[in-house]
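Trainee: Structure below; questions to follow.
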Amino acid sequence: MKAIKPKFEEMAHTLNQINSGIEIVAVTKQVDVDRTQEAVNAGIRHLGENRPEGLKLKHAEISGEVIWHYIGTLQSRKVKEVIGLVDYLHSLDRMSLAKEIQKRADKPVKCFVQVNVSGEDSKSGFSPEQVPAFIESLKEFDKVQVVGLMTMAPNTQDEAQLRTTFKGLKELQEQIAAEKWQHAPCTELSMGMSNDYLIAAEEGATFVRVGTALVGSESEAER
Ligand SMILES: *Cc1c(COP(=O)(O)O)cnc(C)c1O
């Protein structure tokens with residue numbers, strides 16, 4: 001597999017030219033501990049995992065100043081195992097999960113509310129119409145801090161469709177931020193993956209979640 005450091009530096013440079021302050025979350029769900037450590041040694045600070053097992057393993061084994069992101073669907077019964085290890089949860093996609101976090105967390109968890117902007121059946125998350133009422137209803141949840149919104153764009157090369165999705169999320173984020181709810185500053189946008197992170201950045205992403213294009217994947221290593 002290709003060295004991570006030059007790739008990361010090039011990516012950071014490109015993103016910085018679009019907008020300063022975009023954070024790159026390296027999604028390490030498809031690579032092992034050694035490759036993950038290489039990412040941290042290359043200067044990457046934000047790591048993303050989408051399974052409790054992967055998060056626990058990497059959290060125990062990786063050395064360095066890491067900010068941990070949980071990016072996948074989180075089953076309620078797994079919350080107690082991982083919530084203390086997570087700095088950012090990108091996948092707050094239902095009320096029952098918020099309730100479980102409220103019950104299990106010792107300190108406020110920075111959460112992104114996941115929005116299904118494109119409306120695909122296969123995607124989890126709230127429909128855009130549901131988001132304001134859901135976030136407002138989290139007022140009493142002092143362990144859930146809504147830092148922003150997250151979406152996954154359709155798996156397509158159709159740039160217009162990608163832009164429409166990202167613009168939709170940004171519009172909603174601005175609408176929520178304008179409410180100035182104390183529990184929901186909602187200033188951040190988690191959007192963009194290997195296929196579409198540059199477009200997401202151009203549309204206002206503040207966190208991009210990049211796996212394959214940055215750290216590779218195990219299946220790629222076998223080829
Ligand atoms: C796997 C995953 C990513 C990264 O995907 P790549 O295409 O490998 O960059 C980003 N976000 C979520 C929610 C994921 O599950």
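As shown in the structure tokens, the chain order sets the letters A, B, ...; within each chain, residues go from 1, and ligands are also counted from 1 in the order they appear.
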Which residues are near ligand 1 in this structure, taking near to mean any atom at most 6 Å from a ligand atom and counting only C-alpha atoms and all ligand atoms? Format them as JSON, numbers by chain.

Mentor: {"A": [27, 71, 72, 193, 194, 209, 210, 211, 212, 213]}

Trainee: Within segment 6-148 of chain A, find each residue whose DSSP state, derived from the backbone, is helix (DSSP H, G or I), and express the selection as a PDB file with N, CA and C atoms, in the first residue's frame.

Mentor:
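File written: part.pdb
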```pdb
ATOM      1  N   PRO A   6       2.673  11.323   2.426  1.00  0.00           N
ATOM      2  CA  PRO A   6       2.561  12.244   1.280  1.00  0.00           C
ATOM      3  C   PRO A   6       1.113  12.450   0.824  1.00  0.00           C
ATOM      4  N   LYS A   7       0.339  11.373   0.885  1.00  0.00           N
ATOM      5  CA  LYS A   7      -1.079  11.455   0.502  1.00  0.00           C
ATOM      6  C   LYS A   7      -1.833  12.412   1.424  1.00  0.00           C
ATOM      7  N   PHE A   8      -1.586  12.261   2.718  1.00  0.00           N
ATOM      8  CA  PHE A   8      -2.251  13.110   3.712  1.00  0.00           C
ATOM      9  C   PHE A   8      -1.855  14.573   3.517  1.00  0.00           C
ATOM     10  N   GLU A   9      -0.568  14.804   3.305  1.00  0.00           N
ATOM     11  CA  GLU A   9      -0.111  16.192   3.168  1.00  0.00           C
ATOM     12  C   GLU A   9      -0.691  16.842   1.923  1.00  0.00           C
ATOM     13  N   GLU A  10      -0.769  16.066   0.856  1.00  0.00           N
ATOM     14  CA  GLU A  10      -1.345  16.586  -0.384  1.00  0.00           C
ATOM     15  C   GLU A  10      -2.835  16.890  -0.199  1.00  0.00           C
ATOM     16  N   MET A  11      -3.522  15.976   0.465  1.00  0.00           N
ATOM     17  CA  MET A  11      -4.957  16.145   0.701  1.00  0.00           C
ATOM     18  C   MET A  11      -5.226  17.355   1.587  1.00  0.00           C
ATOM     19  N   ALA A  12      -4.432  17.484   2.655  1.00  0.00           N
ATOM     20  CA  ALA A  12      -4.597  18.610   3.579  1.00  0.00           C
ATOM     21  C   ALA A  12      -4.351  19.935   2.856  1.00  0.00           C
ATOM     22  N   HIS A  13      -3.338  19.931   1.993  1.00  0.00           N
ATOM     23  CA  HIS A  13      -2.999  21.137   1.237  1.00  0.00           C
ATOM     24  C   HIS A  13      -4.147  21.519   0.289  1.00  0.00           C
ATOM     25  N   THR A  14      -4.642  20.536  -0.441  1.00  0.00           N
ATOM     26  CA  THR A  14      -5.736  20.792  -1.387  1.00  0.00           C
ATOM     27  C   THR A  14      -6.977  21.311  -0.658  1.00  0.00           C
ATOM     28  N   LEU A  15      -7.308  20.663   0.446  1.00  0.00           N
ATOM     29  CA  LEU A  15      -8.503  21.080   1.189  1.00  0.00           C
ATOM     30  C   LEU A  15      -8.323  22.476   1.768  1.00  0.00           C
ATOM     31  N   ASN A  16      -7.111  22.746   2.226  1.00  0.00           N
ATOM     32  CA  ASN A  16      -6.830  24.051   2.813  1.00  0.00           C
ATOM     33  C   ASN A  16      -7.012  25.191   1.803  1.00  0.00           C
ATOM     34  N   GLN A  17      -6.759  24.861   0.539  1.00  0.00           N
ATOM     35  CA  GLN A  17      -6.953  25.888  -0.495  1.00  0.00           C
ATOM     36  C   GLN A  17      -8.434  26.143  -0.765  1.00  0.00           C
ATOM     37  N   ILE A  18      -9.241  25.143  -0.525  1.00  0.00           N
ATOM     38  CA  ILE A  18     -10.687  25.319  -0.703  1.00  0.00           C
ATOM     39  C   ILE A  18     -11.241  26.107   0.475  1.00  0.00           C
ATOM     40  N   VAL A  33      -4.149  -2.403  12.758  1.00  0.00           N
ATOM     41  CA  VAL A  33      -3.557  -1.515  13.757  1.00  0.00           C
ATOM     42  C   VAL A  33      -2.268  -0.869  13.239  1.00  0.00           C
ATOM     43  N   ASP A  34      -1.418  -1.637  12.561  1.00  0.00           N
ATOM     44  CA  ASP A  34      -0.148  -1.079  12.073  1.00  0.00           C
ATOM     45  C   ASP A  34      -0.376   0.060  11.088  1.00  0.00           C
ATOM     46  N   ARG A  35      -1.295  -0.177  10.185  1.00  0.00           N
ATOM     47  CA  ARG A  35      -1.592   0.853   9.181  1.00  0.00           C
ATOM     48  C   ARG A  35      -2.229   2.082   9.855  1.00  0.00           C
ATOM     49  N   THR A  36      -3.028   1.852  10.864  1.00  0.00           N
ATOM     50  CA  THR A  36      -3.643   2.948  11.610  1.00  0.00           C
ATOM     51  C   THR A  36      -2.574   3.749  12.345  1.00  0.00           C
ATOM     52  N   GLN A  37      -1.612   3.028  12.924  1.00  0.00           N
ATOM     53  CA  GLN A  37      -0.508   3.720  13.607  1.00  0.00           C
ATOM     54  C   GLN A  37       0.308   4.537  12.609  1.00  0.00           C
ATOM     55  N   GLU A  38       0.469   4.016  11.402  1.00  0.00           N
ATOM     56  CA  GLU A  38       1.177   4.776  10.363  1.00  0.00           C
ATOM     57  C   GLU A  38       0.453   6.102  10.092  1.00  0.00           C
ATOM     58  N   ALA A  39      -0.868   6.045  10.086  1.00  0.00           N
ATOM     59  CA  ALA A  39      -1.650   7.270   9.854  1.00  0.00           C
ATOM     60  C   ALA A  39      -1.384   8.298  10.953  1.00  0.00           C
ATOM     61  N   VAL A  40      -1.364   7.833  12.189  1.00  0.00           N
ATOM     62  CA  VAL A  40      -1.121   8.749  13.314  1.00  0.00           C
ATOM     63  C   VAL A  40       0.307   9.298  13.245  1.00  0.00           C
ATOM     64  N   ASN A  41       1.240   8.434  12.897  1.00  0.00           N
ATOM     65  CA  ASN A  41       2.634   8.876  12.775  1.00  0.00           C
ATOM     66  C   ASN A  41       2.810   9.881  11.638  1.00  0.00           C
ATOM     67  N   PRO A  52     -17.942  -1.234  17.000  1.00  0.00           N
ATOM     68  CA  PRO A  52     -17.436  -1.187  18.377  1.00  0.00           C
ATOM     69  C   PRO A  52     -16.111  -1.947  18.527  1.00  0.00           C
ATOM     70  N   GLU A  53     -16.004  -3.097  17.874  1.00  0.00           N
ATOM     71  CA  GLU A  53     -14.785  -3.915  18.005  1.00  0.00           C
ATOM     72  C   GLU A  53     -13.570  -3.145  17.477  1.00  0.00           C
ATOM     73  N   GLY A  54     -13.729  -2.546  16.307  1.00  0.00           N
ATOM     74  CA  GLY A  54     -12.634  -1.792  15.694  1.00  0.00           C
ATOM     75  C   GLY A  54     -12.227  -0.605  16.555  1.00  0.00           C
ATOM     76  N   LEU A  55     -13.213   0.090  17.077  1.00  0.00           N
ATOM     77  CA  LEU A  55     -12.912   1.252  17.912  1.00  0.00           C
ATOM     78  C   LEU A  55     -12.162   0.827  19.173  1.00  0.00           C
ATOM     79  N   LYS A  56     -12.649  -0.214  19.817  1.00  0.00           N
ATOM     80  CA  LYS A  56     -12.017  -0.652  21.068  1.00  0.00           C
ATOM     81  C   LYS A  56     -10.581  -1.124  20.831  1.00  0.00           C
ATOM     82  N   LEU A  57     -10.398  -1.879  19.755  1.00  0.00           N
ATOM     83  CA  LEU A  57      -9.062  -2.381  19.426  1.00  0.00           C
ATOM     84  C   LEU A  57      -8.096  -1.238  19.139  1.00  0.00           C
ATOM     85  N   LYS A  58      -8.485  -0.337  18.259  1.00  0.00           N
ATOM     86  CA  LYS A  58      -7.589   0.758  17.885  1.00  0.00           C
ATOM     87  C   LYS A  58      -7.339   1.670  19.087  1.00  0.00           C
ATOM     88  N   HIS A  59      -8.395   1.926  19.855  1.00  0.00           N
ATOM     89  CA  HIS A  59      -8.254   2.799  21.021  1.00  0.00           C
ATOM     90  C   HIS A  59      -7.229   2.222  22.003  1.00  0.00           C
ATOM     91  N   ALA A  60      -7.231   0.893  22.153  1.00  0.00           N
ATOM     92  CA  ALA A  60      -6.303   0.253  23.093  1.00  0.00           C
ATOM     93  C   ALA A  60      -4.879   0.203  22.548  1.00  0.00           C
ATOM     94  N   GLU A  61      -4.735   0.054  21.241  1.00  0.00           N
ATOM     95  CA  GLU A  61      -3.423  -0.233  20.663  1.00  0.00           C
ATOM     96  C   GLU A  61      -2.671   0.979  20.119  1.00  0.00           C
ATOM     97  N   SER A  76     -28.040   0.415  20.124  1.00  0.00           N
ATOM     98  CA  SER A  76     -28.233   0.947  21.479  1.00  0.00           C
ATOM     99  C   SER A  76     -27.532   0.087  22.528  1.00  0.00           C
ATOM    100  N   ARG A  77     -27.575  -1.237  22.331  1.00  0.00           N
ATOM    101  CA  ARG A  77     -26.969  -2.100  23.354  1.00  0.00           C
ATOM    102  C   ARG A  77     -25.444  -2.009  23.372  1.00  0.00           C
ATOM    103  N   LYS A  78     -24.856  -1.383  22.347  1.00  0.00           N
ATOM    104  CA  LYS A  78     -23.392  -1.228  22.307  1.00  0.00           C
ATOM    105  C   LYS A  78     -22.919   0.104  22.883  1.00  0.00           C
ATOM    106  N   VAL A  79     -23.861   0.997  23.174  1.00  0.00           N
ATOM    107  CA  VAL A  79     -23.487   2.341  23.619  1.00  0.00           C
ATOM    108  C   VAL A  79     -22.593   2.298  24.850  1.00  0.00           C
ATOM    109  N   LYS A  80     -22.965   1.463  25.817  1.00  0.00           N
ATOM    110  CA  LYS A  80     -22.193   1.457  27.062  1.00  0.00           C
ATOM    111  C   LYS A  80     -20.745   1.004  26.861  1.00  0.00           C
ATOM    112  N   GLU A  81     -20.507   0.205  25.827  1.00  0.00           N
ATOM    113  CA  GLU A  81     -19.142  -0.273  25.560  1.00  0.00           C
ATOM    114  C   GLU A  81     -18.242   0.803  24.949  1.00  0.00           C
ATOM    115  N   VAL A  82     -18.834   1.685  24.169  1.00  0.00           N
ATOM    116  CA  VAL A  82     -17.981   2.589  23.386  1.00  0.00           C
ATOM    117  C   VAL A  82     -18.093   4.075  23.730  1.00  0.00           C
ATOM    118  N   ILE A  83     -19.159   4.457  24.417  1.00  0.00           N
ATOM    119  CA  ILE A  83     -19.419   5.895  24.478  1.00  0.00           C
ATOM    120  C   ILE A  83     -18.310   6.664  25.210  1.00  0.00           C
ATOM    121  N   GLY A  84     -17.672   5.996  26.167  1.00  0.00           N
ATOM    122  CA  GLY A  84     -16.580   6.649  26.893  1.00  0.00           C
ATOM    123  C   GLY A  84     -15.313   6.818  26.072  1.00  0.00           C
ATOM    124  N   LEU A  85     -15.248   6.137  24.935  1.00  0.00           N
ATOM    125  CA  LEU A  85     -14.047   6.201  24.088  1.00  0.00           C
ATOM    126  C   LEU A  85     -14.195   7.198  22.942  1.00  0.00           C
ATOM    127  N   MET A  95     -34.089   8.706  18.170  1.00  0.00           N
ATOM    128  CA  MET A  95     -34.295   9.146  19.543  1.00  0.00           C
ATOM    129  C   MET A  95     -33.821   8.103  20.545  1.00  0.00           C
ATOM    130  N   SER A  96     -34.033   6.816  20.240  1.00  0.00           N
ATOM    131  CA  SER A  96     -33.639   5.791  21.217  1.00  0.00           C
ATOM    132  C   SER A  96     -32.132   5.817  21.468  1.00  0.00           C
ATOM    133  N   LEU A  97     -31.357   6.187  20.472  1.00  0.00           N
ATOM    134  CA  LEU A  97     -29.907   6.282  20.650  1.00  0.00           C
ATOM    135  C   LEU A  97     -29.564   7.472  21.552  1.00  0.00           C
ATOM    136  N   ALA A  98     -30.230   8.589  21.339  1.00  0.00           N
ATOM    137  CA  ALA A  98     -30.002   9.764  22.198  1.00  0.00           C
ATOM    138  C   ALA A  98     -30.310   9.419  23.654  1.00  0.00           C
ATOM    139  N   LYS A  99     -31.396   8.682  23.860  1.00  0.00           N
ATOM    140  CA  LYS A  99     -31.778   8.304  25.236  1.00  0.00           C
ATOM    141  C   LYS A  99     -30.716   7.412  25.878  1.00  0.00           C
ATOM    142  N   GLU A 100     -30.192   6.501  25.100  1.00  0.00           N
ATOM    143  CA  GLU A 100     -29.175   5.585  25.626  1.00  0.00           C
ATOM    144  C   GLU A 100     -27.882   6.340  25.949  1.00  0.00           C
ATOM    145  N   ILE A 101     -27.511   7.274  25.097  1.00  0.00           N
ATOM    146  CA  ILE A 101     -26.319   8.093  25.367  1.00  0.00           C
ATOM    147  C   ILE A 101     -26.529   8.892  26.658  1.00  0.00           C
ATOM    148  N   GLN A 102     -27.704   9.476  26.777  1.00  0.00           N
ATOM    149  CA  GLN A 102     -28.015  10.249  27.978  1.00  0.00           C
ATOM    150  C   GLN A 102     -27.862   9.400  29.243  1.00  0.00           C
ATOM    151  N   LYS A 103     -28.251   8.145  29.131  1.00  0.00           N
ATOM    152  CA  LYS A 103     -28.205   7.237  30.267  1.00  0.00           C
ATOM    153  C   LYS A 103     -26.774   6.778  30.584  1.00  0.00           C
ATOM    154  N   ARG A 104     -25.950   6.617  29.563  1.00  0.00           N
ATOM    155  CA  ARG A 104     -24.662   5.938  29.740  1.00  0.00           C
ATOM    156  C   ARG A 104     -23.436   6.846  29.790  1.00  0.00           C
ATOM    157  N   PRO A 128     -34.843  15.431   6.193  1.00  0.00           N
ATOM    158  CA  PRO A 128     -34.589  16.833   6.539  1.00  0.00           C
ATOM    159  C   PRO A 128     -35.746  17.484   7.304  1.00  0.00           C
ATOM    160  N   GLU A 129     -36.968  17.128   6.966  1.00  0.00           N
ATOM    161  CA  GLU A 129     -38.137  17.734   7.630  1.00  0.00           C
ATOM    162  C   GLU A 129     -38.193  17.385   9.117  1.00  0.00           C
ATOM    163  N   GLN A 130     -37.662  16.212   9.477  1.00  0.00           N
ATOM    164  CA  GLN A 130     -37.747  15.766  10.873  1.00  0.00           C
ATOM    165  C   GLN A 130     -36.685  16.401  11.773  1.00  0.00           C
ATOM    166  N   VAL A 131     -35.646  16.942  11.147  1.00  0.00           N
ATOM    167  CA  VAL A 131     -34.457  17.324  11.923  1.00  0.00           C
ATOM    168  C   VAL A 131     -34.701  18.442  12.945  1.00  0.00           C
ATOM    169  N   PRO A 132     -35.353  19.548  12.567  1.00  0.00           N
ATOM    170  CA  PRO A 132     -35.503  20.622  13.565  1.00  0.00           C
ATOM    171  C   PRO A 132     -36.236  20.171  14.832  1.00  0.00           C
ATOM    172  N   ALA A 133     -37.326  19.461  14.674  1.00  0.00           N
ATOM    173  CA  ALA A 133     -38.089  19.031  15.854  1.00  0.00           C
ATOM    174  C   ALA A 133     -37.283  18.037  16.692  1.00  0.00           C
ATOM    175  N   PHE A 134     -36.558  17.157  16.005  1.00  0.00           N
ATOM    176  CA  PHE A 134     -35.740  16.195  16.762  1.00  0.00           C
ATOM    177  C   PHE A 134     -34.691  16.922  17.597  1.00  0.00           C
ATOM    178  N   ILE A 135     -33.991  17.838  16.975  1.00  0.00           N
ATOM    179  CA  ILE A 135     -32.922  18.537  17.710  1.00  0.00           C
ATOM    180  C   ILE A 135     -33.504  19.381  18.843  1.00  0.00           C
ATOM    181  N   GLU A 136     -34.615  20.018  18.586  1.00  0.00           N
ATOM    182  CA  GLU A 136     -35.232  20.811  19.651  1.00  0.00           C
ATOM    183  C   GLU A 136     -35.586  19.915  20.845  1.00  0.00           C
TER     184      GLU A 136
END
```

Trainee: Step one, run DSSP on the backbone; step two, keep only residues of segment 3-175 of chain A assigned to strand (DSSP E); then write them as a PyMOL selection string.

Mentor: chain A and resi 23-27+46-49+67-70+88-92+109-114+144-150

Trainee: For Val113 of chain A, list every protein, DNA or RNA residue within 9 Å, evaluated using only C-alpha atoms, and leave out those in the same chain fewer than 5 positions away; present the list as a list in words.

Mentor: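 Here the qualifying residues turn out to be Leu89, His90, Ser91, Leu92, Asp93, Arg94, Gly125, Phe126, Val131, Ile135, Val146, Val147, Gly148, Leu149, Met150 and Thr151 of chain A.
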
Trainee: Would you kindly return, as an NGL selection string, each protein, DNA or RNA residue with an atom no farther than 8 Å from any atom of Thr28 of chain A, considering only C-alpha atoms and excluding same-chain residues fewer than 2 positions away?

Mentor: :A and (26 or 30-32 or 36 or 47-49 or 211 or 215)

Trainee: What lies within 10 Å of Cys186 of chain A using only C-alpha atoms, ignoring chain neighbours under 4 positions off, as a VMD selection string?

Mentor: chain A and resid 111 to 113 135 145 to 149 172 to 182

Trainee: The selected residues should be written to file as a CSV table (one decimal), in the first residue's frame (atoms: C-alpha atoms).

Mentor:
```csv
chain,number,residue,atom,x,y,z
A,111,CYS,CA,-22.8,14.4,18.2
A,112,PHE,CA,-23.7,14.9,14.5
A,113,VAL,CA,-27.3,14.3,13.7
A,135,ILE,CA,-32.9,18.5,17.7
A,145,GLN,CA,-24.4,18.1,22.3
A,146,VAL,CA,-25.4,18.7,18.7
A,147,VAL,CA,-22.2,20.1,17.1
A,148,GLY,CA,-23.5,19.6,13.5
A,149,LEU,CA,-25.1,17.5,10.9
A,172,LEU,CA,-30.5,22.7,7.1
A,173,GLN,CA,-27.4,23.3,9.3
A,174,GLU,CA,-27.7,27.0,8.9
A,175,GLN,CA,-31.3,26.9,9.8
A,176,ILE,CA,-30.6,25.0,13.0
A,177,ALA,CA,-27.7,27.2,13.9
A,178,ALA,CA,-29.9,30.2,13.6
A,179,GLU,CA,-32.1,28.9,16.4
A,180,LYS,CA,-29.2,29.5,18.7
A,181,TRP,CA,-30.2,26.6,20.9
A,182,GLN,CA,-27.7,26.2,23.7
```
